[in-house]
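S.K.: Input work.txt, format and content: compact mmCIF, C-alpha atoms.
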# COMPACT_ATOMS: atom_id res chain seq x y z
CA MET U 1 91.24 119.96 105.27
CA PHE U 2 90.40 119.27 101.61
CA TYR U 3 89.12 115.77 102.44
CA GLN U 4 87.01 117.17 105.28
CA LEU U 5 85.58 119.77 102.89
CA TYR U 6 84.74 117.00 100.43
CA GLU U 7 82.89 115.16 103.20
CA PHE U 8 81.09 118.34 104.23
CA ASN U 9 79.88 118.97 100.68
CA HIS U 10 78.66 115.40 100.41
CA ALA U 11 76.73 115.75 103.67
CA ALA U 12 75.33 119.12 102.62
CA LEU U 13 73.84 117.55 99.50
CA GLN U 14 72.06 114.84 101.46
CA PRO U 15 68.72 116.74 101.69
CA ALA U 16 68.84 117.40 97.94
CA ARG U 17 69.52 113.71 97.27
CA LEU U 18 66.58 112.69 99.44
CA TYR U 19 64.33 115.16 97.64
CA ALA U 20 65.53 113.93 94.23
CA ASP U 21 64.87 110.33 95.25
CA ALA U 22 61.35 111.25 96.37
CA VAL U 23 60.74 113.00 93.04
CA ARG U 24 62.01 109.94 91.17
CA LEU U 25 59.68 107.64 93.11
CA PHE U 26 56.70 109.94 92.56
CA TYR U 27 57.20 110.33 88.79
CA SER U 28 58.05 106.65 88.20
CA ASN U 29 55.19 105.21 90.25
CA PRO U 30 52.94 103.27 87.83
CA LEU U 31 49.89 104.49 89.76
CA ASN U 32 50.79 108.05 88.75
CA PRO U 33 49.38 108.69 85.22
CA ILE U 34 52.20 111.17 84.47
CA SER U 35 54.75 108.35 84.87
CA HIS U 36 53.54 106.89 81.56
CA THR U 37 54.31 110.08 79.66
CA PRO U 38 57.63 111.35 78.24
CA LEU U 39 57.39 114.32 80.62
CA GLY U 40 57.05 112.12 83.68
CA ARG U 41 59.87 109.82 82.62
CA SER U 42 62.08 112.86 81.90
CA VAL U 43 61.52 114.27 85.39
CA ALA U 44 62.18 110.86 86.97
CA ALA U 45 65.31 110.40 84.85
CA THR U 46 66.65 113.83 85.83
CA ALA U 47 66.07 113.12 89.51
CA GLU U 48 67.76 109.71 89.32
CA LEU U 49 70.73 111.07 87.41
CA PHE U 50 71.26 113.78 90.05
CA GLU U 51 70.98 111.29 92.93
CA ARG U 52 73.38 108.81 91.33
CA THR U 53 76.04 111.39 90.43
CA THR U 54 76.15 112.88 93.94
CA ARG U 55 75.92 109.78 96.12
CA ARG U 56 78.76 107.77 97.70
CA TYR U 57 78.76 104.20 96.48
CA GLY U 58 79.31 101.57 99.15
CA LYS U 59 81.28 98.37 98.76
CA PRO U 60 79.42 96.05 96.36
CA GLN U 61 78.80 92.37 97.07
CA PHE U 62 80.25 89.55 95.01
CA GLY U 63 76.81 87.94 94.95
CA LEU U 64 78.09 84.66 93.49
CA THR U 65 75.82 81.95 94.85
CA LYS U 66 75.93 79.40 92.00
CA THR U 67 78.40 77.99 89.51
CA VAL U 68 78.56 75.06 87.13
CA VAL U 69 80.99 72.21 87.81
CA ASP U 70 81.04 69.06 85.69
CA TRP U 71 77.94 70.37 83.86
CA LYS U 72 75.98 70.55 87.11
CA SER U 73 74.85 73.61 89.06
CA VAL U 74 76.37 73.78 92.54
CA ASP U 75 75.99 76.22 95.43
CA VAL U 76 78.75 78.70 96.26
CA THR U 77 79.35 80.11 99.75
CA GLU U 78 81.69 82.98 100.63
CA LYS U 79 83.92 82.29 103.63
CA THR U 80 86.67 84.38 105.17
CA VAL U 81 89.54 81.95 105.77
CA TRP U 82 92.27 84.41 106.79
CA ALA U 83 92.11 87.94 108.11
CA ARG U 84 94.38 90.86 108.91
CA PRO U 85 93.55 94.53 109.59
CA PHE U 86 93.95 95.57 105.95
CA CYS U 87 92.82 92.44 104.12
CA ASN U 88 90.55 89.42 104.31
CA LEU U 89 91.12 86.29 102.27
CA VAL U 90 87.77 85.13 100.91
CA ARG U 91 87.17 81.59 99.69
CA PHE U 92 84.32 80.76 97.33
CA GLU U 93 83.46 77.32 98.66
CA ARG U 94 81.61 75.12 96.19
CA SER U 95 79.28 72.32 97.26
CA LEU U 96 81.04 69.48 95.44
CA PRO U 97 80.24 65.76 95.71
CA ALA U 98 82.15 63.87 98.39
CA GLY U 99 85.14 62.03 97.02
CA ARG U 100 85.48 64.17 93.90
CA LYS U 101 89.05 64.94 92.90
CA PRO U 102 89.86 68.44 94.20
CA ASP U 103 90.42 71.26 91.73
CA PRO U 104 93.57 73.42 91.84
CA LYS U 105 93.72 76.03 94.60
CA LEU U 106 93.81 79.48 93.04
CA LEU U 107 94.71 82.69 94.86
CA ILE U 108 93.55 85.76 92.94
CA VAL U 109 95.40 88.83 94.20
CA ALA U 110 93.08 91.74 93.45
CA PRO U 111 94.41 95.25 92.79
CA MET U 112 94.71 97.60 95.72
CA SER U 113 94.41 100.67 93.55
CA GLY U 114 91.18 102.39 94.51
CA HIS U 115 88.49 99.88 93.61
CA TYR U 116 87.24 97.02 95.75
CA ALA U 117 88.06 93.40 94.98
CA THR U 118 84.52 93.02 93.62
CA LEU U 119 85.84 94.65 90.44
CA LEU U 120 87.09 91.11 89.72
CA ARG U 121 83.65 89.53 90.17
CA GLY U 122 83.72 88.41 86.54
CA THR U 123 87.21 86.96 86.98
CA VAL U 124 86.13 84.93 89.99
CA GLU U 125 82.93 83.80 88.27
CA ALA U 126 84.83 82.60 85.20
CA MET U 127 87.36 80.63 87.27
CA LEU U 128 84.89 79.02 89.69
CA PRO U 129 84.05 76.05 87.44
CA HIS U 130 87.75 75.17 87.23
CA ALA U 131 89.38 75.99 90.57
CA ASP U 132 89.02 76.36 94.31
CA VAL U 133 89.07 80.16 94.17
CA HIS U 134 90.31 82.54 96.87
CA ILE U 135 90.60 86.31 96.52
CA THR U 136 92.23 89.12 98.48
CA ASP U 137 89.47 91.40 99.79
CA TRP U 138 91.35 94.59 100.65
CA VAL U 139 89.93 96.84 103.36
CA ASP U 140 89.22 100.55 102.88
CA ALA U 141 92.07 102.31 104.72
CA ARG U 142 89.74 104.97 106.13
CA MET U 143 87.89 102.22 107.98
CA VAL U 144 91.01 100.92 109.78
CA PRO U 145 91.74 102.67 113.11
CA LEU U 146 95.20 104.14 113.62
CA SER U 147 95.70 101.68 116.48
CA GLN U 148 96.00 98.89 113.87
CA GLY U 149 99.29 100.29 112.64
CA SER U 150 100.53 101.13 109.16
CA PHE U 151 100.47 99.26 105.86
CA ASP U 152 103.01 99.66 103.06
CA LEU U 153 104.31 97.70 100.07
CA ASP U 154 106.50 95.54 102.32
CA ASP U 155 103.44 94.62 104.38
CA TYR U 156 101.57 93.83 101.16
CA ILE U 157 104.29 91.35 100.18
CA ASP U 158 104.23 89.84 103.69
CA TYR U 159 100.46 89.40 103.42
CA ILE U 160 100.83 87.50 100.14
CA ILE U 161 103.45 85.17 101.63
CA GLU U 162 101.26 84.55 104.68
CA MET U 163 98.34 83.69 102.40
CA PHE U 164 100.43 81.11 100.58
CA HIS U 165 101.26 79.56 103.94
CA ALA U 166 97.59 79.59 104.94
CA LEU U 167 96.52 77.90 101.69
CA GLY U 168 99.24 75.25 101.78
CA PRO U 169 101.31 73.66 99.03
CA ASP U 170 100.38 73.39 95.36
CA THR U 171 98.60 76.73 95.23
CA HIS U 172 98.39 78.75 92.03
CA VAL U 173 98.45 82.55 92.06
CA MET U 174 96.96 85.12 89.68
CA GLY U 175 98.07 88.74 90.03
CA VAL U 176 95.76 91.17 88.24
CA CYS U 177 97.27 94.54 87.29
CA GLN U 178 98.95 96.35 90.24
CA PRO U 179 99.64 93.16 92.31
CA SER U 180 101.87 91.75 89.57
CA VAL U 181 104.92 93.43 91.10
CA PRO U 182 104.37 92.40 94.76
CA VAL U 183 103.31 88.88 93.67
CA LEU U 184 106.51 88.47 91.66
CA ALA U 185 108.51 89.88 94.57
CA ALA U 186 106.86 87.53 97.08
CA VAL U 187 107.52 84.49 94.90
CA ALA U 188 111.17 85.51 94.39
CA LEU U 189 111.70 85.90 98.13
CA MET U 190 110.04 82.55 98.86
CA GLU U 191 112.17 80.76 96.25
CA GLU U 192 115.35 82.29 97.64
CA ARG U 193 114.40 81.12 101.15
CA GLY U 194 113.52 77.63 99.96
CA ASP U 195 109.96 78.09 101.18
CA PRO U 196 107.96 74.86 100.62
CA PHE U 197 104.74 76.86 100.16
CA VAL U 198 105.91 78.67 97.04
CA PRO U 199 103.10 78.52 94.45
CA SER U 200 103.13 76.05 91.57
CA THR U 201 102.26 78.62 88.91
CA MET U 202 102.17 82.39 88.68
CA THR U 203 99.85 84.15 86.23
CA LEU U 204 100.43 87.89 85.82
CA MET U 205 97.79 89.88 83.94
CA GLY U 206 98.07 93.46 82.69
CA GLY U 207 100.67 94.34 85.32
CA PRO U 208 103.31 97.10 85.48
CA ILE U 209 106.42 94.91 85.75
CA ASP U 210 108.50 97.33 83.66
CA THR U 211 106.74 100.61 82.92
CA ARG U 212 109.64 101.84 80.81
CA ARG U 213 108.27 99.69 78.00
CA ASN U 214 105.56 101.32 75.93
CA PRO U 215 104.73 103.81 78.73
CA THR U 216 101.12 104.98 79.08
CA ALA U 217 99.78 108.34 80.27
CA VAL U 218 99.66 106.96 83.82
CA ASN U 219 103.34 105.95 83.66
CA LEU U 220 104.46 109.24 82.15
CA LEU U 221 102.62 111.27 84.79
CA ALA U 222 104.43 109.44 87.60
CA GLU U 223 107.82 109.94 86.00
CA GLU U 224 107.17 113.59 85.19
CA LYS U 225 105.86 114.60 88.64
CA GLY U 226 108.16 112.56 90.90
CA ILE U 227 107.36 111.17 94.31
CA ASP U 228 107.53 114.53 96.14
CA TRP U 229 104.68 115.93 94.02
CA PHE U 230 102.44 113.00 94.95
CA ARG U 231 103.34 113.32 98.62
CA ASP U 232 102.50 117.05 98.61
CA ASN U 233 99.35 116.97 96.47
CA VAL U 234 97.37 113.75 96.87
CA ILE U 235 97.97 112.59 100.44
CA MET U 236 95.30 113.63 102.96
CA ASN U 237 94.11 112.74 106.44
CA ALA U 238 90.99 110.58 106.73
CA PRO U 239 88.19 112.85 107.99
CA TRP U 240 86.10 112.66 111.12
CA PRO U 241 84.06 110.60 112.00
CA VAL U 242 85.34 107.53 110.08
CA PRO U 243 87.12 104.81 112.17
CA GLY U 244 90.45 105.68 110.55
CA PHE U 245 90.15 109.37 111.42
CA GLY U 246 93.58 111.01 111.16
CA ARG U 247 95.21 108.25 109.08
CA GLU U 248 97.17 109.55 106.09
CA VAL U 249 95.53 108.16 102.95
CA TYR U 250 95.34 108.48 99.22
CA PRO U 251 91.57 109.09 98.83
CA GLY U 252 89.62 106.84 96.52
CA PHE U 253 87.74 109.78 95.03
CA LEU U 254 91.02 111.20 93.72
CA GLN U 255 91.90 107.91 92.07
CA LEU U 256 88.43 107.73 90.55
CA SER U 257 88.75 111.29 89.25
CA GLY U 258 92.00 110.33 87.55
CA PHE U 259 90.51 107.24 85.93
CA MET U 260 87.43 109.11 84.71
CA SER U 261 89.43 112.04 83.32
CA MET U 262 91.31 109.64 81.02
CA ASN U 263 88.05 108.87 79.19
CA LEU U 264 85.82 111.73 80.30
CA ASP U 265 83.95 112.01 76.99
CA ARG U 266 83.04 108.32 77.17
CA HIS U 267 81.59 108.70 80.68
CA ILE U 268 79.61 111.81 79.70
CA ILE U 269 78.13 109.99 76.71
CA ALA U 270 77.32 106.97 78.90
CA HIS U 271 75.34 109.15 81.32
CA LYS U 272 73.56 110.95 78.47
CA ASP U 273 72.61 107.57 77.02
CA PHE U 274 71.44 106.44 80.47
CA PHE U 275 69.11 109.45 80.64
CA MET U 276 67.70 108.68 77.20
CA HIS U 277 67.21 104.99 78.07
CA LEU U 278 65.14 106.05 81.09
CA VAL U 279 63.06 108.46 79.03
CA LYS U 280 62.44 105.78 76.38
CA ASN U 281 61.64 103.24 79.09
CA ASP U 282 64.50 100.97 77.94
CA GLY U 283 64.85 99.18 81.26
CA ASP U 284 67.48 96.61 80.23
CA SER U 285 69.97 99.17 78.93
CA ALA U 286 69.42 101.40 81.97
CA GLU U 287 70.01 98.46 84.31
CA LYS U 288 73.30 97.61 82.58
CA HIS U 289 74.43 101.20 83.18
CA ARG U 290 73.48 100.97 86.86
CA ASP U 291 75.31 97.67 87.30
CA PHE U 292 78.52 98.97 85.73
CA TYR U 293 78.64 102.31 87.54
CA ASP U 294 77.57 100.87 90.90
CA GLU U 295 80.85 98.95 90.71
CA TYR U 296 83.01 101.52 88.94
CA LEU U 297 82.09 104.41 91.27
CA ALA U 298 82.61 102.40 94.47
CA VAL U 299 86.11 103.33 95.63
CA MET U 300 88.28 102.87 98.70
CA ASP U 301 91.15 104.80 100.24
CA LEU U 302 94.74 103.51 100.27
CA THR U 303 97.24 104.07 103.05
CA ALA U 304 99.65 106.86 102.18
CA GLU U 305 102.72 104.74 102.88
CA PHE U 306 101.57 101.95 100.55
CA TYR U 307 100.60 104.32 97.76
CA LEU U 308 103.79 106.39 97.89
CA GLN U 309 106.08 103.37 98.16
CA THR U 310 104.34 101.72 95.21
CA VAL U 311 104.52 104.83 93.03
CA ASP U 312 108.18 105.33 93.88
CA THR U 313 109.22 101.69 93.49
CA VAL U 314 107.20 100.75 90.40
CA PHE U 315 106.62 103.94 88.40
CA VAL U 316 109.37 106.40 89.35
CA ARG U 317 112.49 104.31 90.07
CA HIS U 318 111.53 101.14 88.13
CA ALA U 319 113.27 99.29 90.93
CA LEU U 320 112.22 95.73 90.03
CA PRO U 321 113.46 95.62 86.40
CA LYS U 322 116.59 97.53 87.39
CA GLY U 323 117.41 94.95 90.07
CA GLU U 324 117.14 97.55 92.84
CA MET U 325 113.94 96.48 94.61
CA THR U 326 114.23 95.44 98.26
CA HIS U 327 111.87 94.03 100.87
CA ARG U 328 112.74 95.04 104.42
CA GLY U 329 116.36 95.43 103.34
CA GLU U 330 116.49 92.09 101.49
CA ALA U 331 117.12 92.21 97.76
CA VAL U 332 114.27 91.02 95.53
CA ASP U 333 115.88 88.94 92.80
CA PRO U 334 113.56 87.33 90.20
CA LYS U 335 116.48 85.18 89.02
CA GLU U 336 115.90 83.12 92.18
CA ILE U 337 112.62 81.82 90.73
CA ARG U 338 113.29 78.35 89.32
CA ASN U 339 110.37 76.10 90.23
CA VAL U 340 107.34 78.30 89.57
CA ALA U 341 105.81 78.21 86.09
CA LEU U 342 105.13 81.69 84.69
CA PHE U 343 102.27 82.81 82.44
CA THR U 344 101.76 86.45 81.43
CA VAL U 345 98.70 87.97 79.75
CA GLU U 346 98.35 91.38 78.09
CA GLY U 347 95.68 93.26 76.16
CA GLU U 348 96.41 94.77 72.77
CA ASN U 349 94.72 98.10 73.59
CA ASP U 350 95.68 98.38 77.26
CA ASP U 351 96.04 102.08 78.09
CA ILE U 352 97.05 101.53 81.72
CA SER U 353 99.73 98.81 81.47
CA GLY U 354 101.17 99.10 77.98
CA LEU U 355 102.11 96.17 75.78
CA GLY U 356 105.35 94.57 76.91
CA GLN U 357 105.18 95.77 80.52
CA THR U 358 103.87 92.43 81.83
CA GLN U 359 105.82 90.32 79.36
CA ALA U 360 108.96 91.85 80.88
CA ALA U 361 108.60 89.35 83.73
CA HIS U 362 110.03 86.66 81.44
CA ASP U 363 113.21 88.69 80.93
CA LEU U 364 113.63 88.98 84.70
CA CYS U 365 112.88 85.33 85.56
CA VAL U 366 115.76 83.95 83.50
CA ASN U 367 116.10 80.73 85.52
CA ILE U 368 112.59 79.44 84.90
CA PRO U 369 112.94 76.75 82.19
CA SER U 370 111.60 77.96 78.85
CA ASP U 371 109.11 75.10 78.69
CA ARG U 372 107.53 76.41 81.91
CA GLN U 373 106.93 79.91 80.54
CA ALA U 374 104.19 81.23 78.27
CA HIS U 375 102.90 84.63 77.16
CA TYR U 376 99.60 85.54 75.53
CA MET U 377 98.47 88.83 74.00
CA GLN U 378 94.70 89.16 73.62
CA PRO U 379 93.76 91.22 70.55
CA ALA U 380 91.07 93.90 70.62
CA VAL U 381 90.78 94.36 74.38
CA GLY U 382 91.79 97.16 76.73
CA HIS U 383 92.92 96.93 80.32
CA TYR U 384 89.66 95.62 81.79
CA GLY U 385 89.23 93.15 78.95
CA VAL U 386 92.33 91.34 80.18
CA PHE U 387 90.43 90.03 83.21
CA ASN U 388 86.76 90.52 82.37
CA GLY U 389 84.29 90.28 79.52
CA SER U 390 83.42 87.85 76.76
CA ARG U 391 86.90 87.58 75.25
CA PHE U 392 88.37 86.95 78.69
CA ARG U 393 85.91 84.12 79.28
CA SER U 394 86.24 82.52 75.86
CA GLU U 395 89.91 83.05 74.99
CA ILE U 396 91.95 83.83 78.11
CA VAL U 397 90.35 81.60 80.77
CA PRO U 398 90.91 78.34 78.81
CA ARG U 399 94.59 79.20 78.50
CA ILE U 400 94.93 79.96 82.22
CA VAL U 401 93.14 76.73 83.14
CA ASP U 402 95.35 74.76 80.73
CA PHE U 403 98.45 76.32 82.26
CA ILE U 404 97.65 75.77 85.93
CA THR U 405 96.41 72.21 85.42
CA SER U 406 99.51 71.34 83.39
CA TYR U 407 101.96 72.62 85.97
CA GLY U 408 100.43 71.56 89.27
CA ARG U 409 102.84 69.81 91.60
CA GLN U 410 100.89 66.59 91.27
CA THR U 411 101.01 66.73 87.47
CA ARG U 412 103.79 65.31 85.36
CA VAL U 413 104.20 67.29 82.16
CA ALA U 414 105.83 65.78 79.10
CA ALA U 415 105.61 68.92 77.00
CA LYS U 416 104.57 72.52 77.17
CA PRO U 417 100.79 73.03 76.80
CA LYS U 418 99.59 74.44 73.52
CA LEU U 419 99.70 78.12 74.39
CA VAL U 420 100.42 80.75 71.78
CA ARG U 421 102.08 84.07 72.25
CA SER U 422 99.37 85.97 70.43
CA ALA U 423 96.03 85.14 68.98
CA LYS U 424 97.26 86.90 65.85
CA GLY U 425 100.11 84.43 65.48
Do you think you could lay out the structure here as structure tokens?

M.R.:
Amino acid sequence: MFYQLYEFNHAALQPARLYADAVRLFYSNPLNPISHTPLGRSVAATAELFERTTRRYGKPQFGLTKTVVDWKSVDVTEKTVWARPFCNLVRFERSLPAGRKPDPKLLIVAPMSGHYATLLRGTVEAMLPHADVHITDWVDARMVPLSQGSFDLDDYIDYIIEMFHALGPDTHVMGVCQPSVPVLAAVALMEERGDPFVPSTMTLMGGPIDTRRNPTAVNLLAEEKGIDWFRDNVIMNAPWPVPGFGREVYPGFLQLSGFMSMNLDRHIIAHKDFFMHLVKNDGDSAEKHRDFYDEYLAVMDLTAEFYLQTVDTVFVRHALPKGEMTHRGEAVDPKEIRNVALFTVEGENDDISGLGQTQAAHDLCVNIPSDRQAHYMQPAVGHYGVFNGSRFRSEIVPRIVDFITSYGRQTRVAAKPKLVRSAKG
């Protein structure tokens, strides 16, 4: 009933939100003389702050309509090329000249950890000039009717394998954060089966391959509490009247609360600064705040079975690095990976996936030739800086592009590309 109570409180505040929005419009209207005074801007700022902190944020749009290819601006169109109840595969189709040599096909597997795939908008935007980009657009579990069945970690891995089949041979995959484990598992299973659609390269970024290494607060919480605590305390039934009414879920608002509590002082300061920007009529700074929090506060629910299986497998039992992970009863053995080139990326200040956790993939994939493996540690960035921001665009993207173009199936490589293990080295 806690989730239903949360929904009731949100609905109860709707009249207050409407009133606050009306106040904001009245005191920010340029035809109102008070709007040009500090008092008017203060009232409008207070009303906007209340409305924004009590609203539910819907799924954002990618909004990527242009990119630059070969120094020319080209149109970009979003197309759903594969669909299942819990995920859509979205392709960002670029209007390229006829006859131009195709770019590598890149599958970006977005995290299914509370935020929508649009959290990787910057990742997609940075890769569009270099690749035919596809991304997993996960569906909010509360919007999927019970009649569509369940979805767990095994289903997640099956989805990834099906996407590789849909995209065809010589595809490259990028797993960002949480998907690193299921991506590695999917590739291992495909290699063991001799699947011809196994990807050419696998890039894992800020992922929890082995959370025993340099454990973070998130990792320690999972180990301390155990899977039964999570099952008893964070799993709820989706409330009426959403399409998934009755489905057991891990609510997005709980995940968001956890993320925000890790840096609560930073978020409080950000909202205080937002208020002051509005009062001072600093529109650019206020708009940057809106853009960030419109994305950050938009969250989705996860199915209970997926969430619990992931916590148990990855964070409690450490099944993959211990060699104990299975998929529908079949052992997941990274030693089976022989033909897929592996690139791992970490951030020096990552407080979600600690240093060494992603690099651990190299110790598991012992049969990938050393000249087809590379690791890079980006200094001075946290978790989100691994896949977004200026350092990602200027220092990480060129290395990813170098890696996937060097190890495509159609490419013959004489030597390992010039990748370094750390920008400090």

S.K.: Which one of U:Arg56, U:Lys272, U:Arg193, U:Arg142 sits closest to Val249 (chain U) if you count all atoms listed in the file?

M.R.: U:Arg142

S.K.: To one decimal in Å, tell me the separation between CA of Lys335 (chain U) and CA of Cys365 (chain U).

M.R.: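 If I compute the distance from CA of Lys335 (chain U) to CA of Cys365 (chain U), I get 5.0 Å.
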
S.K.: Find, counting only C-alpha atoms, the residue in U:Val311, U:Ala186, U:Ala131, U:Ala141 that gets nearest to Phe245 (chain U).

M.R.: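 Once distances to Phe245 (chain U) are computed over only C-alpha atoms, the minimum belongs to U:Ala141.
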
S.K.: May I have the residues within 10 Å of Thr53 (chain U) as a list in words, using all atoms listed in the file and disregarding those fewer than 2 positions away in the same chain?

M.R.: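 Near neighbours after the sequence-gap exclusion: Arg17, Glu48, Leu49, Phe50, Glu51, Arg55, Arg56, Tyr57, His271, Tyr293 and Leu297 of chain U.
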
S.K.: Kindly indicate which residue among U:Asp170, U:Ile108, U:Arg231, U:Gly226 lies nearest to Val183 (chain U), using all atoms listed in the file for the distances.

M.R.: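 Using all atoms listed in the file, the shortest distance to Val183 (chain U) belongs to U:Ile108.
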
S.K.: Using all atoms listed in the file, tabulate the residues of region 306-355 of chain U lying at most 10 Å from any atom of region 218-221 of chain U, each with its closest atom pair and that distance in Å to one decimal, by chain and increasing residue number, as JSON lines.

M.R.:
{"residue": "U:Val311", "atom": "CA", "partner": "U:Asn219", "partner_atom": "CA", "distance": 9.5}
{"residue": "U:Val314", "atom": "CA", "partner": "U:Asn219", "partner_atom": "CA", "distance": 9.3}
{"residue": "U:Phe315", "atom": "CA", "partner": "U:Asn219", "partner_atom": "CA", "distance": 6.1}
{"residue": "U:Val316", "atom": "CA", "partner": "U:Asn219", "partner_atom": "CA", "distance": 8.3}
{"residue": "U:Asp351", "atom": "CA", "partner": "U:Val218", "partner_atom": "CA", "distance": 8.4}
{"residue": "U:Ile352", "atom": "CA", "partner": "U:Val218", "partner_atom": "CA", "distance": 6.4}
{"residue": "U:Ser353", "atom": "CA", "partner": "U:Asn219", "partner_atom": "CA", "distance": 8.3}
{"residue": "U:Gly354", "atom": "CA", "partner": "U:Asn219", "partner_atom": "CA", "distance": 9.2}

S.K.: Could the centre and edge lengths of an axis-aligned box, enclosing all atoms of region 384-398 of chain U in the file with 5 Å extra on each side, be given in Å to one decimal as lines of an AutoDock Vina configuration file?

M.R.:
center_x = 87.9
center_y = 87.0
center_z = 79.1
size_x = 18.9
size_y = 27.3
size_z = 18.2

S.K.: Do a neighbour search on Leu342 (chain U) at 8 Å with only C-alpha atoms, toss out local chain neighbours closer than 6 positions, and write the hits as an NGL selection string.

M.R.: :U and (201-204 or 362 or 368 or 372-374)

S.K.: What are the nearest atom pairs, with distances in Å to one decimal, for all residues of region 265-306 of chain U that come at most 9 Å from region 19-41 of chain U, using all atoms listed in the file, set out by chain and rising residue number as JSON lines?

M.R.:
{"residue": "U:Leu278", "atom": "CA", "partner": "U:Arg41", "partner_atom": "CA", "distance": 6.7}
{"residue": "U:Val279", "atom": "CA", "partner": "U:Arg41", "partner_atom": "CA", "distance": 5.0}
{"residue": "U:Lys280", "atom": "CA", "partner": "U:Pro38", "partner_atom": "CA", "distance": 7.6}
{"residue": "U:Asn281", "atom": "CA", "partner": "U:Arg41", "partner_atom": "CA", "distance": 7.7}

S.K.: For CA of Ala270 (chain U) and CA of Met377 (chain U), determine how far apart the two atoms are, in Å to one decimal place.

M.R.: 28.3 Å

S.K.: Check the smallest atom-to-atom distance from each of U:Thr46, U:Ala188, U:Pro60, U:Tyr384 to Leu320 (chain U) using all atoms listed in the file, then report the winner.

M.R.: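 The shortest atom-to-atom distance to Leu320 (chain U) comes from U:Ala188.
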
S.K.: Nearest to Leu119 (chain U) among U:Glu192, U:Asp137, U:Glu295, U:Glu348, with distances taken over all atoms listed in the file: which residue is it?

M.R.: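 Ranked by minimum distance to Leu119 (chain U), first place goes to U:Glu295.
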
S.K.: Take CA of Asp132 (chain U) and CA of Phe92 (chain U) and report the distance between them in Å, one decimal.

M.R.: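 CA of Phe92 (chain U) lies at a distance of 7.1 Å from CA of Asp132 (chain U).
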
S.K.: Give me the residues near Tyr116 (chain U) as a PyMOL selection string, where near means some atom within 12 Å (using all atoms listed in the file) and where sequence neighbours in that chain fewer than 5 positions away do not count.

M.R.: chain U and resi 57-62+87-88+109-111+121+135-141+252+256+294-302

S.K.: Skipping near chain neighbours, those fewer than 5 positions away, what residues fall within 12 Å of Val332 (chain U) using all atoms listed in the file, listed as number ranges by chain?

M.R.: U: 154, 157, 181-193, 313, 319-327, 337, 364-365

S.K.: Give me, as a list in words, all polymer residues having an atom no more than 12 Å from Val68 (chain U), counting only C-alpha atoms and skipping those fewer than 3 positions away in the same chain.

M.R.: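 Everything that qualifies: Leu64, Thr65, Trp71, Lys72, Ser73, Val74, Asp75, Val76, Arg94, Ser95, Leu96, Glu125, Ala126, Met127, Leu128, Pro129, His130 and Ala131 of chain U.
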
S.K.: Using all atoms listed in the file, can you tell me which of U:Ala11, U:Ala47, U:Val381, U:Ala360 comes closest to Asn214 (chain U)?

M.R.: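 Counting all atoms listed in the file, the residue closest to Asn214 (chain U) is U:Ala360.
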